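One structure below.
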Amino acid sequence: MRSPIPILLSLTWLYQASATSVQQVARCALLAARFPDATLPQDNSTSSPYYTERTSFWSWTEWLEPTCVFLPNSTQQVSEAVIIFTDYDCPFAIRGGGHSAIRGAANIDDGIMVNMKRIRDLDFSPDNKTITIGMGYTWAEVYEIVEPLGYMVPGGRFAGVGTGLALGAGVSYFANERGLTIDNVVNHRVVLANGTVMEANEHTNNDLHWALRGGSNNFGVVTHITLPAIPHQGMHGGRVTYPPNTVDALTNLTYEYQVRTSVEAPDTHVLSTYVYDGESNVTYGFTPVVYQRNATQMPPSLQPWLDIEHSNSTVRNRTYGDLARELVAGFPNGLVQTHYSLTVYPSLEYFRFLRERFSEFCAGFSHIEGFAGLHTLMAITPAAIAKAGRNNPIGLNRARPDTTLTVLYLGLQFNNEEDIDEVFPDWDIFIRTMEAEAKLQDVLFPYIMLTYSDDNQEVIASYGEENVSRLQAIQQKYDPSLVFQRLVTGGQKIPLR
Ligand SMILES: Cc1cc2nc3c(=O)[nH]c(=O)nc-3n(C[C@H](O)[C@H](O)[C@H](O)COP(=O)(O)OP(=O)(O)OC[C@H]3O[C@@H](n4cnc5c(N)ncnc54)[C@H](O)[C@@H]3O)c2cc1C
């Protein structure tokens, strides 16, 4: 039975009705009556906690105006809130670390933003083999807890990135050997649309567990995930900055890393990155290089990355948490960001083509304040593809045998939203051209990584028809009234039947 909406709304809530619909204000009042310490009403003074929450996103594109912000601190609170949302057909968004640039993925206009950041408990299993993590952490925070204890988990590489990564894909430092983060999650605790709390793992609710390995916010609010505790005594790594004259050599090395080194030396990780800097109108290399051993120097397999001329290197014996914080320096929150992803079979010709065209494209926008373009190439090794197999819905098992796949991230950033209308239409044409060229060169693999995707990319359809049908059936089973389609509309959604 529906709980009664309080007859008397506070003045704050009534006042708010001018900026947002009366229904949503009423839902927020209901939530505030039940959870007064966890509900922030709309208040756009820049010093208000509400304003901080609504603007605490990596990209300006996510600065929306929720009717209120809800900050649950337990699975129980999430469950009670979801029952209210479902009963009253109240639109809501689920925010993890706020690093998607897709408008509405984790924030909402005229609805409730559920921010997971107070769900912060972290527990080792009695045998120290796994760690259960509340979804409110960012990855750097997790590393700073577990590394001093001699462990790591396969999460994101940059500080600030949140656990939404573990429901979409997840390329970690351990990906060559251990596969994507989604394939390492051994248990999901998830609140379904009717408020039921489910554990989903290999033995219990196995279909839901499978679906959440790439199904993002389509099935419920995940409150905890369990990951393997990887014994770890330290690592040797850092970011190497390469001048513009080295980019050809870097592309050769990147190709070599994709097809050989990542496979033969899986305890390494290279995130090949090129940055176009609008101010100086050049493209240079800016690449994290990591050896996962407590070593004082790089192994021979990674030495070529240090042999190429470079202007700066922060490579040293250090922690992952420390590196994660270093890598975000220079990536402030709140700029206009857009990103796009495609997957290819490694090809030196295509890697060169992409780098050259991307620099040319970016040069056309060097007059725009704060303009930068960034593209990265990430290896999914045959071992990682095998681990994915049929254990998740993303369909990597369609790849040719014994190959690495390269996931490409293409991103732009600039300072002012006024420039969006100039940049985005051309960007759209550019990325379609890159995709078409990959197809013409017969290197395109039809998988779009959710965590790096743009909102006009059909990510879940890219998992393949069979997997989409299975996801639809699982959604029907666990969410028969399609609450997570109808009310959680942001991000990448399962195509409707
Ligand atoms: C600077 C930067 C560095 C990055 N580094 C990496 C990296 O090293 N490896 C990598 O794989 N990716 C990386 N990414 C991509 C990153 O994985 C995605 O942006 C991912 O979506 C971030 O998750 P989040 O929780 O921070 O984002 P959010 O924007 O908060 O969430 C993303 C999506 O997940 C959903 N979601 C979040 N939490 C939950 C939950 N508890 N239950 C249900 N749904 C939920 C949200 O509704 C949203 O649709 C990086 C991105 C940036 C901007």
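If you're wondering about the labels, chains in the structure tokens are A, B, ... by order shown, residues count from 1 in each chain, ligands from 1 in order shown.
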Which residues of stretch 117-228 of chain A come within 9 Å of stretch 55-76 of chain A, and for each one, what is the closest pair of atoms and their distance in Å to one decimal, counting only C-alpha atoms, sorted by chain and residue number, as a Markdown table?
| residue | atom | partner | partner_atom | distance |
| --- | --- | --- | --- | --- |
| A:Lys117 | CA | A:Leu71 | CA | 7.0 |
| A:Arg118 | CA | A:Asn73 | CA | 4.7 |
| A:Ile119 | CA | A:Asn73 | CA | 4.8 |
| A:Arg120 | CA | A:Asn73 | CA | 7.6 |
| A:Gly134 | CA | A:Ser74 | CA | 8.9 |
| A:Gly136 | CA | A:Asn73 | CA | 8.9 |
| A:Gly160 | CA | A:Trp58 | CA | 8.4 |
| A:Val161 | CA | A:Trp58 | CA | 8.8 |
| A:Arg189 | CA | A:Thr75 | CA | 8.6 |
| A:Val190 | CA | A:Thr75 | CA | 8.4 |
| A:Val191 | CA | A:Thr75 | CA | 7.4 |
| A:Gly195 | CA | A:Gln76 | CA | 8.8 |
| A:Val197 | CA | A:Thr75 | CA | 7.8 |
| A:Val222 | CA | A:Thr75 | CA | 8.8 |
| A:Thr223 | CA | A:Thr75 | CA | 6.0 |
| A:His224 | CA | A:Thr75 | CA | 8.5 |
### Task
Show me which residues sit within 6 Å of ligand 1 when counting only C-alpha atoms and all ligand atoms, and put them as a PyMOL selection string.
chain A and resi 93-100+105-106+135+156-158+161-165+169-172+216-217+220-223+451-452+490-491
### Message
Using only C-alpha atoms, can you tell me which of A:Leu354, A:Ala38, A:Met235, A:Leu327 comes closest to A:Met298?
### Response
A:Met235
### Query
Tell me, which residues of stretch 185-414 of chain A carry DSSP alpha helix (DSSP H), written as a PyMOL selection string?
chain A and resi 206-212+247-256+262-264+303-307+320-328+348-363+382-388
#### Entry: Gap from atom CA of A:Pro393 to atom CA of A:Asn467 - Å, one decimal
5.4 Å
### Task
Give me the residues within 7 Å of A:Ile133 as a list in words, counting only C-alpha atoms and dropping any in the same chain fewer than 6 places off.
Asp121, Leu122, Asp123, His224, Ile225 and Thr226 of chain A
May I have the residues within 10 Å of A:Phe353 as an mmCIF file with N, CA and C atoms, in the first residue's frame, using only C-alpha atoms and disregarding those fewer than 6 positions away in the same chain?
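Once written, result.cif looks like this:
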data_model
loop_
_atom_site.group_PDB
_atom_site.id
_atom_site.type_symbol
_atom_site.label_atom_id
_atom_site.label_comp_id
_atom_site.auth_asym_id
_atom_site.auth_seq_id
_atom_site.Cartn_x
_atom_site.Cartn_y
_atom_site.Cartn_z
ATOM 1 N N SER A 347 45.804 -2.545 -35.453
ATOM 2 C CA SER A 347 46.290 -2.313 -36.808
ATOM 3 C C SER A 347 47.155 -1.064 -36.775
ATOM 4 N N MET A 434 35.638 8.041 -38.349
ATOM 5 C CA MET A 434 36.655 7.120 -37.807
ATOM 6 C C MET A 434 36.105 5.693 -37.741
ATOM 7 N N GLU A 437 35.926 4.309 -41.295
ATOM 8 C CA GLU A 437 37.258 3.940 -41.784
ATOM 9 C C GLU A 437 37.707 2.601 -41.168
ATOM 10 N N ALA A 438 37.384 2.415 -39.893
ATOM 11 C CA ALA A 438 37.729 1.136 -39.259
ATOM 12 C C ALA A 438 37.015 -0.009 -39.971
#
### Task
DSSP on the backbone, then: every residue of stretch 167-400 of chain A marked strand (DSSP E or B), written as a PyMOL selection string.
chain A and resi 187-191+197-201+221-228+230-231+235-242+268-270+272-277+282-291+312-313+316-318+335-344+372-380
### Task
Do a neighbour search on stretch 299-312 of chain A at 7 Å with only C-alpha atoms, toss out local chain neighbours closer than 5 positions, and write the hits as a ChimeraX atom specification.
/A:240-243,246,261,265
Once you have the residues from the selection above, write them out as an mmCIF file, in the first residue's frame, restricted to C-alpha atoms.
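After the write, result26.cif holds the following:
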data_model
loop_
_atom_site.group_PDB
_atom_site.id
_atom_site.type_symbol
_atom_site.label_atom_id
_atom_site.label_comp_id
_atom_site.auth_asym_id
_atom_site.auth_seq_id
_atom_site.Cartn_x
_atom_site.Cartn_y
_atom_site.Cartn_z
ATOM 1 C CA VAL A 240 55.797 9.471 -19.080
ATOM 2 C CA THR A 241 55.423 12.631 -21.170
ATOM 3 C CA TYR A 242 56.733 12.489 -24.737
ATOM 4 C CA PRO A 243 57.370 15.462 -27.063
ATOM 5 C CA THR A 246 58.035 11.094 -30.931
ATOM 6 C CA THR A 261 53.885 -7.180 -24.943
ATOM 7 C CA ALA A 265 54.311 -9.693 -20.235
#
#### Entry: Spatial neighbours of A:Leu149, 10 Å, only C-alpha atoms, chain gap at least 3 places, as a count of residues only
8
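Rounded to one decimal, atom CA of A:Phe358 and atom CA of A:Val263 lie 27.6 Å from each other.
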### Query
Using only C-alpha atoms, which residue out of A:Ile131, A:Val25, A:Leu40, A:Ala200 lies closest to A:Pro228?
A:Ile131
